[in-house]
Amino acid sequence: MSEKKISDQTNPENRKSIPLDWSYAEALENTSHATFNKSYGLFINGSFTNYDENQSFESINPANGEAIYRCTEASESDVDSAVKAARAAFEGEWGNYSGTQRSHYLYRIARMLQERAREFAVLESMDGGKPIRESRDVDIPLAAAYFFYYAGWADKLAFAFPGKHPKPLGVCAQIIPWNFPLLMLAWKIAPALACGNTVVLKPAETTSLTALKFCELLKDIGLPNGVVNIITGAGSTGEYLVQHPDIDKIAFTGSTGVGKSIQRSIAKRQISATFELGGKGAYILFDDAALNEAVEGIVNAIFFNQGHVCCAGSRLLVQEGVADRVIDLLKKRMQHLIIGDPLDKNTDIGAVNSRTQLDTIQRYVDTGIKEGASCYECSGTLPNKGFYFPPTLLTGVSQSSTVVQEEIFGPVLTIQTFRTTEEAIEKANNTPYGLANGIWTDKGSKIFHVGTKLKSGVVWSNTYNKFDPTSPFGGYKESGKGREGGISGLHAYVKLENSGGM
Amino acid sequence: MINRIPIDAVGIQERVTRICTRSIKRESKLQALDLALRMMDLTTLEGSDSDGKVRQLCNKALLPYTELPNIPSVAAVCVYPNRVALAKNILKNSSISVASVATAFPSGMSSLQIKLDDVEYAVSEGADEIDMVISRGAFLSGEYTKVYDEIAQIKQACGSAHLKVILETGELGSLENIRMASDLAMKAGADFIKTSTGKISPAASMPVVLVMLQAIRDNYNSTGVKVGMKPAGGIRSSKQAIQYLVMVKETLGIDWLNPSLFRFGASSLANDVLMQWVKEKTGRYQSLNYFSND
């Protein structure tokens with residue numbers, strides 16, 4: 001185009017109506033500053049244990065299916081050492097620290113995360129497949145924000161619990177999922193340390209990298225040994241941790257199935273536990289809403305992080321009169337979503353976290369179609385290596401459909417219509433889950449009317465998937481127990497001495 | 001006649017922020033710079049505009065940068081009605097259009113007859129495009145029919161000249177009003193809708209333009225008519241211009257990425273685009289002293 005001759009330009013027909021296929025050139029994030037080892041031991045008592053090839057597993061970059069590093073599968077005795085280290089730290093130096101001293105460490109962690117934000121963002125995208133736009137703009141800044149927020153509480157616990165004496169619980173066993181690896185680590189570790197506990201944390205087996213890099217950061221800031229221990233591994237490691245007799249608290253984020261089995265296994269024990277489990281959020285779109293913005297909200301609700309979000313708005317409930325228009329607008333918007341390399345700054349939808357999850361999503365969509373749903377997929381070609389799934393709409397579904405009932409955890413939106421406000425509320429609540437819902441209307445009174453009737457821990461109005469350290473987050477029903485974030489998040493990590501327990 | 005459509009200002013701003021995170025590099029940046037130059041309406045609208053000033057502007061429009069003769073020329077030159085004949089004369093052998101503001105620009109505070117005369121005069125002097133202003137006072141006091149009728153009559157007076165309708169969004173007070181004025185102007189026959197006169201602050205902004213682009217898209221979906229868009233004022237850097245192009249692409253599609261449906265009304269943008277262009281071609285930034293200030 002730039003080589004065009006002047007004579008061509010002087011012809012108005014040529015010059016004014018040249019159709020232009022303007023696509024964005026590759027804009028890859030620089031990765032040279034983000035280094036990591038080929039293999040990792042476990043982080044116990046302030047240092048990494050020796051790596052043993054025979055007791056290890058590989059972690060795959062879902063963007064291309066290639067193995068990028070190996071880490072250690074923690075055995076029962078490894079878990080025991082980690083818990084012992086945490087116990088020793090709790091009964092030693094750390095246990096005697098004042099709130100002010102603890103807050104200094106938390107502030108240091110927060111500042112270091114900010115300083116090394118680009119590095120962590122790149123690693124998060126390489127390990128988990130999420131687009132760099134999200135790890136850079138959401139995951140890492142928010143993780144730092146949670147540390148800053150709870151650093152502020154560490155020396156002010158007396159004000160969070162007026163008239164009570166908040167005491168730490170002891171050793172906290174924390175198990176986190178693969179959808180927001182570093183952010184979930186922050187949600188767990190920040191309030192635990194602020195309240196004076198020590199931690200044994202197990203990241204998900206497909207996304208251990210940022211947790212292991214986080215250990216380097218802890219060494220850099222000089223956190224006392226044993227306060228935070230990171231053990232990698234899969235389900236069996238998690239089970240060893242949960243079954244360990246010397247833990248005082250379990251904080252689990254993950255699937256409802258695993259959450260239920262943990263609850264069964266601790267039923268006979270005096271142990272405090274919080275759970276943040278699955279969800280099947282309804283996105284209630286009334287006909288008086290700002291439709292263009294609501295459509296953008298749908299994109300954020302279901303296609304954010306490839307739909308690997310427990311609070312995703314995965315069920316669109318749209319008022320009948322505007323349903324066709326909304327679906328049309330949504331399809332048009334979806335044409336501009338860019339699916340591909342997570343490290344490209346223009347990528348909107350990255351890679352699905354693992355082959356297993358990709359298969360699960362495919363199975364659900366197949367079931368949906370078998371049960372009578374119509375399927376609309378984003379056009380465009382997917383990369384031929386790695387695990388990718390196109391943003392998908394399922395219409396013609398009903399309340400009884402499997403895809404409406406069960407959590408898919410992928411970029412798949414089911415669309416149902418409703419006629420009246422009451423019908424919308426009933427459909428939204430008609431699920432075993434209760435994590436998050438969204439209401440879209442131009443009318444403030446309707447937001448309060450509907451919002452108070454929805455049975456979910458979070459209700460967003462005219463927005464979706466917004467997180468802030470000051471705001472509590474958690475579920476009703478099978479979506480969990482306890483709250484994380486805000487002052488409520490402190491409750492999960494203290495015992496109040498003169499109140500006879502929590 | 002026209003429905004009031006709810007707009008969520010927070011949501012609009014979020015969409016704009018997301019659009020601005022698009023990273024446009026290398027060949028796609030060069031394409032965008034080329035496009036931005038071809039979409040430009042070089043503008044001079046001062047009380048002090050003389051024949052000499054207009055002549056210089058027209059020469060710049062013809063050959064923006066002598067070192068790169070292959071560089072595209074701009075879309076149009078925009079002047080006051082009494083400078084149209086001169087501009088037309090200089091540009092007569094080129095593809096560059098002459099646009100004229102009219103209808104008691106910039107306030108629009110005159111009688112309809114005078115506005116029509118103003119348009120007819122500009123057209124008779126040779127204007128290819130007319131940039132009119134709507135009666136904001138009438139719009140804000142709810143006299144929508146009056147605003148509509150004015151636009152419709154001025155459209156008739158334009159004859160074959162293209163009509164751009166300036167909403168002066170900085171005076172409309174809300175995104176809802178901007179959407180409504182956009183719908184009204186398109187229904188009354190606008191070929192283009194345009195944000196601003198450049199005489200009022202704030203002029204064009206991305207949230208405002210996004211709302212207008214959505215109005216254009218909805219109008220196209222219901223009528224099949226493609227109306228053009230012209231943000232004017234406040235767009236000074238290539239980076240901003242490219243962000244606007246991303247917004248057009250992701251709201252209306254690539255059909256709108258050509259000068260017959262999208263224009264930039266700007267005076268200082270040209271030199272920044274030229275400088276970026278030279279940088280992409282040579283790998284080096286040149287001093288602004290090497291670019292003419294017309």
# chains A, B, ... in the order shown; residues from 1 in each chain; ligands from 1

$ residues_around --residues "Ser222 (chain B)" --least-positions-apart "5" --cutoff "12 Å" --atoms "only C-alpha atoms" --output "list in words"
Arg325 of chain A; Asp183, Met186, Lys187, Ala215, Ile216 and Arg217 of chain B

$ write_last_selection --atoms "C-alpha atoms" --output "tab-separated table (two decimals), in the first residue's frame"
chain	number	residue	atom	x	y	z
A	325	ARG	CA	-30.79	-8.13	19.44
B	183	ASP	CA	-29.76	8.94	15.58
B	186	MET	CA	-28.74	10.05	10.53
B	187	LYS	CA	-32.49	9.82	10.21
B	215	ALA	CA	-25.31	4.58	16.62
B	216	ILE	CA	-23.92	4.23	13.09
B	217	ARG	CA	-23.76	0.45	13.42

$ residues_around --residues "region 103-113 of chain A" --least-positions-apart "6" --cutoff "6 Å" --atoms "only C-alpha atoms" --output "PyMOL selection string"
chain A and resi 144+147-148+151+154

$ select_by_dssp --residues "region 203-260 of chain B" --states "helix (DSSP H, G or I)" --output "mmCIF file with N, CA and C atoms, in the first residue's frame"
data_model
loop_
_atom_site.group_PDB
_atom_site.id
_atom_site.type_symbol
_atom_site.label_atom_id
_atom_site.label_comp_id
_atom_site.auth_asym_id
_atom_site.auth_seq_id
_atom_site.Cartn_x
_atom_site.Cartn_y
_atom_site.Cartn_z
ATOM 1 N N MET B 206 -12.661 9.533 22.970
ATOM 2 C CA MET B 206 -12.976 8.165 22.540
ATOM 3 C C MET B 206 -14.337 7.669 23.032
ATOM 4 N N PRO B 207 -14.733 7.956 24.275
ATOM 5 C CA PRO B 207 -16.065 7.504 24.685
ATOM 6 C C PRO B 207 -17.176 8.089 23.811
ATOM 7 N N VAL B 208 -17.062 9.375 23.499
ATOM 8 C CA VAL B 208 -18.074 10.024 22.672
ATOM 9 C C VAL B 208 -18.128 9.375 21.288
ATOM 10 N N VAL B 209 -16.951 9.153 20.718
ATOM 11 C CA VAL B 209 -16.911 8.579 19.369
ATOM 12 C C VAL B 209 -17.424 7.135 19.383
ATOM 13 N N LEU B 210 -17.133 6.409 20.451
ATOM 14 C CA LEU B 210 -17.649 5.033 20.533
ATOM 15 C C LEU B 210 -19.173 5.024 20.502
ATOM 16 N N VAL B 211 -19.788 5.928 21.254
ATOM 17 C CA VAL B 211 -21.250 6.001 21.267
ATOM 18 C C VAL B 211 -21.778 6.324 19.864
ATOM 19 N N MET B 212 -21.101 7.232 19.165
ATOM 20 C CA MET B 212 -21.546 7.593 17.816
ATOM 21 C C MET B 212 -21.348 6.433 16.835
ATOM 22 N N LEU B 213 -20.263 5.698 17.004
ATOM 23 C CA LEU B 213 -20.022 4.540 16.132
ATOM 24 C C LEU B 213 -21.087 3.466 16.357
ATOM 25 N N GLN B 214 -21.475 3.291 17.625
ATOM 26 C CA GLN B 214 -22.539 2.318 17.919
ATOM 27 C C GLN B 214 -23.841 2.746 17.251
ATOM 28 N N ALA B 215 -24.101 4.070 17.265
ATOM 29 C CA ALA B 215 -25.315 4.580 16.625
ATOM 30 C C ALA B 215 -25.262 4.288 15.121
ATOM 31 N N ILE B 216 -24.079 4.481 14.526
ATOM 32 C CA ILE B 216 -23.918 4.227 13.088
ATOM 33 C C ILE B 216 -24.150 2.745 12.787
ATOM 34 N N ARG B 217 -23.596 1.885 13.644
ATOM 35 C CA ARG B 217 -23.764 0.449 13.421
ATOM 36 C C ARG B 217 -25.232 0.038 13.539
ATOM 37 N N ASP B 218 -25.912 0.530 14.569
ATOM 38 C CA ASP B 218 -27.316 0.165 14.740
ATOM 39 C C ASP B 218 -28.151 0.686 13.573
ATOM 40 N N ASN B 219 -27.804 1.897 13.108
ATOM 41 C CA ASN B 219 -28.513 2.467 11.968
ATOM 42 C C ASN B 219 -28.296 1.610 10.725
ATOM 43 N N TYR B 220 -27.057 1.140 10.550
ATOM 44 C CA TYR B 220 -26.757 0.285 9.397
ATOM 45 C C TYR B 220 -27.521 -1.042 9.491
ATOM 46 N N ASN B 221 -27.570 -1.601 10.697
ATOM 47 C CA ASN B 221 -28.277 -2.872 10.867
ATOM 48 C C ASN B 221 -29.760 -2.744 10.556
ATOM 49 N N SER B 222 -30.348 -1.588 10.867
ATOM 50 C CA SER B 222 -31.790 -1.489 10.646
ATOM 51 C C SER B 222 -32.138 -0.906 9.274
ATOM 52 N N THR B 223 -31.249 -0.106 8.664
ATOM 53 C CA THR B 223 -31.613 0.514 7.379
ATOM 54 C C THR B 223 -30.713 0.075 6.222
ATOM 55 N N SER B 238 -0.275 10.384 16.511
ATOM 56 C CA SER B 238 -0.522 9.184 15.700
ATOM 57 C C SER B 238 -1.091 8.077 16.562
ATOM 58 N N LYS B 239 -0.571 7.993 17.793
ATOM 59 C CA LYS B 239 -1.018 6.936 18.683
ATOM 60 C C LYS B 239 -2.527 7.034 18.908
ATOM 61 N N GLN B 240 -2.987 8.274 19.177
ATOM 62 C CA GLN B 240 -4.429 8.467 19.354
ATOM 63 C C GLN B 240 -5.180 8.077 18.081
ATOM 64 N N ALA B 241 -4.664 8.522 16.946
ATOM 65 C CA ALA B 241 -5.341 8.238 15.678
ATOM 66 C C ALA B 241 -5.469 6.734 15.472
ATOM 67 N N ILE B 242 -4.415 5.997 15.797
ATOM 68 C CA ILE B 242 -4.444 4.546 15.610
ATOM 69 C C ILE B 242 -5.466 3.912 16.554
ATOM 70 N N GLN B 243 -5.545 4.440 17.783
ATOM 71 C CA GLN B 243 -6.546 3.914 18.716
ATOM 72 C C GLN B 243 -7.969 4.123 18.167
ATOM 73 N N TYR B 244 -8.190 5.275 17.521
ATOM 74 C CA TYR B 244 -9.495 5.506 16.902
ATOM 75 C C TYR B 244 -9.761 4.487 15.802
ATOM 76 N N LEU B 245 -8.724 4.188 15.034
ATOM 77 C CA LEU B 245 -8.907 3.226 13.934
ATOM 78 C C LEU B 245 -9.235 1.835 14.481
ATOM 79 N N VAL B 246 -8.585 1.466 15.581
ATOM 80 C CA VAL B 246 -8.901 0.181 16.218
ATOM 81 C C VAL B 246 -10.370 0.173 16.642
ATOM 82 N N MET B 247 -10.801 1.296 17.207
ATOM 83 C CA MET B 247 -12.186 1.380 17.679
ATOM 84 C C MET B 247 -13.166 1.248 16.511
ATOM 85 N N VAL B 248 -12.848 1.888 15.395
ATOM 86 C CA VAL B 248 -13.711 1.784 14.217
ATOM 87 C C VAL B 248 -13.758 0.340 13.740
ATOM 88 N N LYS B 249 -12.588 -0.270 13.638
ATOM 89 C CA LYS B 249 -12.531 -1.649 13.151
ATOM 90 C C LYS B 249 -13.344 -2.582 14.041
ATOM 91 N N GLU B 250 -13.202 -2.427 15.363
ATOM 92 C CA GLU B 250 -13.836 -3.383 16.266
ATOM 93 C C GLU B 250 -15.295 -3.044 16.569
ATOM 94 N N THR B 251 -15.752 -1.879 16.094
ATOM 95 C CA THR B 251 -17.157 -1.540 16.304
ATOM 96 C C THR B 251 -17.951 -1.683 15.008
ATOM 97 N N LEU B 252 -17.369 -1.184 13.906
ATOM 98 C CA LEU B 252 -18.100 -1.180 12.639
ATOM 99 C C LEU B 252 -17.560 -2.180 11.631
ATOM 100 N N ILE B 254 -14.219 -3.593 8.968
ATOM 101 C CA ILE B 254 -13.242 -2.987 8.067
ATOM 102 C C ILE B 254 -13.890 -2.175 6.949
ATOM 103 N N ASP B 255 -15.182 -2.369 6.706
ATOM 104 C CA ASP B 255 -15.839 -1.573 5.663
ATOM 105 C C ASP B 255 -15.690 -0.079 5.905
ATOM 106 N N TRP B 256 -15.613 0.300 7.184
ATOM 107 C CA TRP B 256 -15.549 1.727 7.510
ATOM 108 C C TRP B 256 -14.122 2.274 7.481
#

$ atom_distance --atom1 "CA of Ala270 (chain B)" --atom2 "CA of Pro202 (chain B)"
20.5 Å

$ residues_around --residues "Lys88 (chain B)" --least-positions-apart "5" --cutoff "10 Å" --atoms "only C-alpha atoms" --output "JSON, numbers by chain"
{"B": [58, 77, 83, 93, 94, 96, 97, 98, 99, 125, 126, 127, 128]}

$ residues_around --residues "region 144-154 of chain B" --least-positions-apart "6" --cutoff "8 Å" --atoms "only C-alpha atoms" --output "count of residues only"
13

$ residues_around --residues "Gly486 (chain A)" --least-positions-apart "2" --cutoff "9 Å" --atoms "only C-alpha atoms" --output "tab-separated table (two decimals) with N, CA and C atoms, in the first residue's frame"
chain	number	residue	atom	x	y	z
A	149	TYR	N	-3.25	-4.69	51.00
A	149	TYR	CA	-4.45	-4.52	51.83
A	149	TYR	C	-4.29	-5.23	53.18
A	150	TYR	N	-3.87	-6.50	53.16
A	150	TYR	CA	-3.77	-7.23	54.42
A	150	TYR	C	-2.55	-6.80	55.24
A	468	ASP	N	-11.76	-6.77	44.25
A	468	ASP	CA	-11.05	-5.76	45.01
A	468	ASP	C	-10.75	-6.33	46.39
A	469	PRO	N	-9.54	-6.06	46.91
A	469	PRO	CA	-9.17	-6.64	48.21
A	469	PRO	C	-10.11	-6.24	49.34
A	470	THR	N	-10.77	-5.10	49.22
A	470	THR	CA	-11.62	-4.64	50.32
A	470	THR	C	-12.97	-5.35	50.34
A	471	SER	N	-13.28	-6.08	49.28
A	471	SER	CA	-14.61	-6.65	49.14
A	471	SER	C	-14.59	-8.15	49.45
A	472	PRO	N	-15.49	-8.61	50.32
A	472	PRO	CA	-15.55	-10.04	50.61
A	472	PRO	C	-16.01	-10.83	49.39
A	473	PHE	N	-15.55	-12.06	49.29
A	473	PHE	CA	-15.89	-12.93	48.17
A	473	PHE	C	-16.12	-14.32	48.71
A	483	ARG	N	-15.66	-16.45	53.84
A	483	ARG	CA	-15.41	-15.35	52.91
A	483	ARG	C	-13.93	-15.05	52.84
A	484	GLU	N	-13.49	-14.64	51.67
A	484	GLU	CA	-12.12	-14.17	51.51
A	484	GLU	C	-12.19	-12.72	51.06
A	488	SER	N	-14.05	-9.43	56.42
A	488	SER	CA	-14.57	-10.79	56.54
A	488	SER	C	-13.47	-11.82	56.32
A	489	GLY	N	-12.52	-11.49	55.45
A	489	GLY	CA	-11.44	-12.41	55.15
A	489	GLY	C	-10.54	-12.67	56.34
A	490	LEU	N	-10.52	-11.75	57.32
A	490	LEU	CA	-9.70	-11.95	58.52
A	490	LEU	C	-10.32	-13.00	59.44

$ residues_around --residues "Tyr283 (chain A)" --least-positions-apart "4" --cutoff "7 Å" --atoms "only C-alpha atoms" --output "PyMOL selection string"
chain A and resi 313+315-317+437-439

$ closest_atom_pairs --of "chain B" --to "chain A" --cutoff "6 Å" --atoms "only C-alpha atoms" --output "tab-separated table"
residue	atom	partner	partner_atom	distance
B:Pro6	CA	A:Ala290	CA	4.8
B:Ile7	CA	A:Ala290	CA	5.0
B:Asp8	CA	A:Ala290	CA	5.9
B:Gly11	CA	A:Glu293	CA	5.2
B:Arg22	CA	A:Asn346	CA	5.5
B:Lys25	CA	A:Ala25	CA	6.0
B:Ser28	CA	A:Ala25	CA	5.5
B:Ser94	CA	A:Thr10	CA	5.6
B:Ser95	CA	A:Thr10	CA	5.1
B:Glu250	CA	A:His336	CA	5.9
B:Asn258	CA	A:Ser17	CA	5.9
B:Pro259	CA	A:Lys16	CA	5.3
B:Ser260	CA	A:Lys16	CA	5.6

$ write_last_selection --atoms "N, CA and C atoms" --output "compact mmCIF listing (two decimals), in the first residue's frame"
# COMPACT_ATOMS: atom_id res chain seq x y z
N PRO B 6 -30.53 3.92 26.59
CA PRO B 6 -29.65 4.05 27.75
C PRO B 6 -28.19 3.75 27.41
N ILE B 7 -27.31 4.55 27.97
CA ILE B 7 -25.87 4.36 27.76
C ILE B 7 -25.24 4.30 29.14
N ASP B 8 -24.36 3.36 29.33
CA ASP B 8 -23.67 3.24 30.62
C ASP B 8 -22.25 3.81 30.46
N GLY B 11 -19.34 1.62 31.49
CA GLY B 11 -19.10 0.53 30.53
C GLY B 11 -18.42 1.04 29.27
N ARG B 22 -4.79 -2.42 22.71
CA ARG B 22 -4.33 -3.07 21.47
C ARG B 22 -2.96 -2.52 21.12
N LYS B 25 1.82 -2.70 15.85
CA LYS B 25 3.25 -2.64 15.55
C LYS B 25 3.51 -2.84 14.06
N SER B 28 1.35 -3.33 10.52
CA SER B 28 -0.01 -2.86 10.79
C SER B 28 0.01 -1.39 11.21
N SER B 94 -6.60 17.50 -8.46
CA SER B 94 -6.28 16.43 -7.50
C SER B 94 -7.55 15.72 -7.07
N SER B 95 -7.36 14.70 -6.25
CA SER B 95 -8.53 13.98 -5.75
C SER B 95 -8.98 14.57 -4.41
N GLU B 250 -13.20 -2.43 15.36
CA GLU B 250 -13.84 -3.38 16.27
C GLU B 250 -15.29 -3.04 16.57
N ASN B 258 -12.06 3.39 5.47
CA ASN B 258 -11.61 4.10 4.29
C ASN B 258 -12.17 5.52 4.33
N PRO B 259 -11.53 6.43 3.58
CA PRO B 259 -11.87 7.85 3.74
C PRO B 259 -13.29 8.20 3.33
N SER B 260 -13.97 7.31 2.61
CA SER B 260 -15.35 7.67 2.27
C SER B 260 -16.28 7.45 3.46

$ residues_around --residues "Gly65 (chain A)" --least-positions-apart "5" --cutoff "9 Å" --atoms "only C-alpha atoms" --output "compact mmCIF listing (two decimals) with N, CA and C atoms, in the first residue's frame"
# COMPACT_ATOMS: atom_id res chain seq x y z
N ILE A 60 3.35 -28.39 31.69
CA ILE A 60 3.26 -28.14 30.25
C ILE A 60 2.78 -26.72 29.99
N SER A 354 -5.32 -27.07 30.37
CA SER A 354 -4.75 -28.41 30.21
C SER A 354 -5.56 -29.22 29.20
N ARG A 355 -4.97 -30.29 28.73
CA ARG A 355 -5.66 -31.22 27.83
C ARG A 355 -6.92 -31.76 28.50
N LYS A 385 -1.06 -26.07 17.40
CA LYS A 385 -0.47 -26.72 18.58
C LYS A 385 -1.12 -26.15 19.82
N GLY A 386 -1.09 -26.89 20.91
CA GLY A 386 -1.61 -26.37 22.16
C GLY A 386 -3.10 -26.64 22.33
N PHE A 387 -3.64 -26.16 23.47
CA PHE A 387 -5.03 -26.47 23.83
C PHE A 387 -5.88 -25.21 23.70

$ atom_distance --atom1 "CA of Thr197 (chain B)" --atom2 "CA of Arg18 (chain B)"
27.6 Å

$ atom_distance --atom1 "CA of Gln113 (chain B)" --atom2 "CA of Ser160 (chain B)"
19.6 Å

$ select_by_dssp --residues "region 57-300 of chain A" --states "strand (DSSP E)" --output "PyMOL selection string"
chain A and resi 57-61+66-72+166-168+171-175+198-202+228-230+249-253+272-276+282-285

$ closest_residue --among "A:Val322, A:Leu413, A:Leu223, A:Ala312" --to "Gly434 (chain A)" --atoms "only C-alpha atoms"
A:Ala312

$ closest_residue --among "B:Leu35, B:Met109, B:Ile2, B:Val101" --to "Asn82 (chain B)" --atoms "only C-alpha atoms"
B:Val101
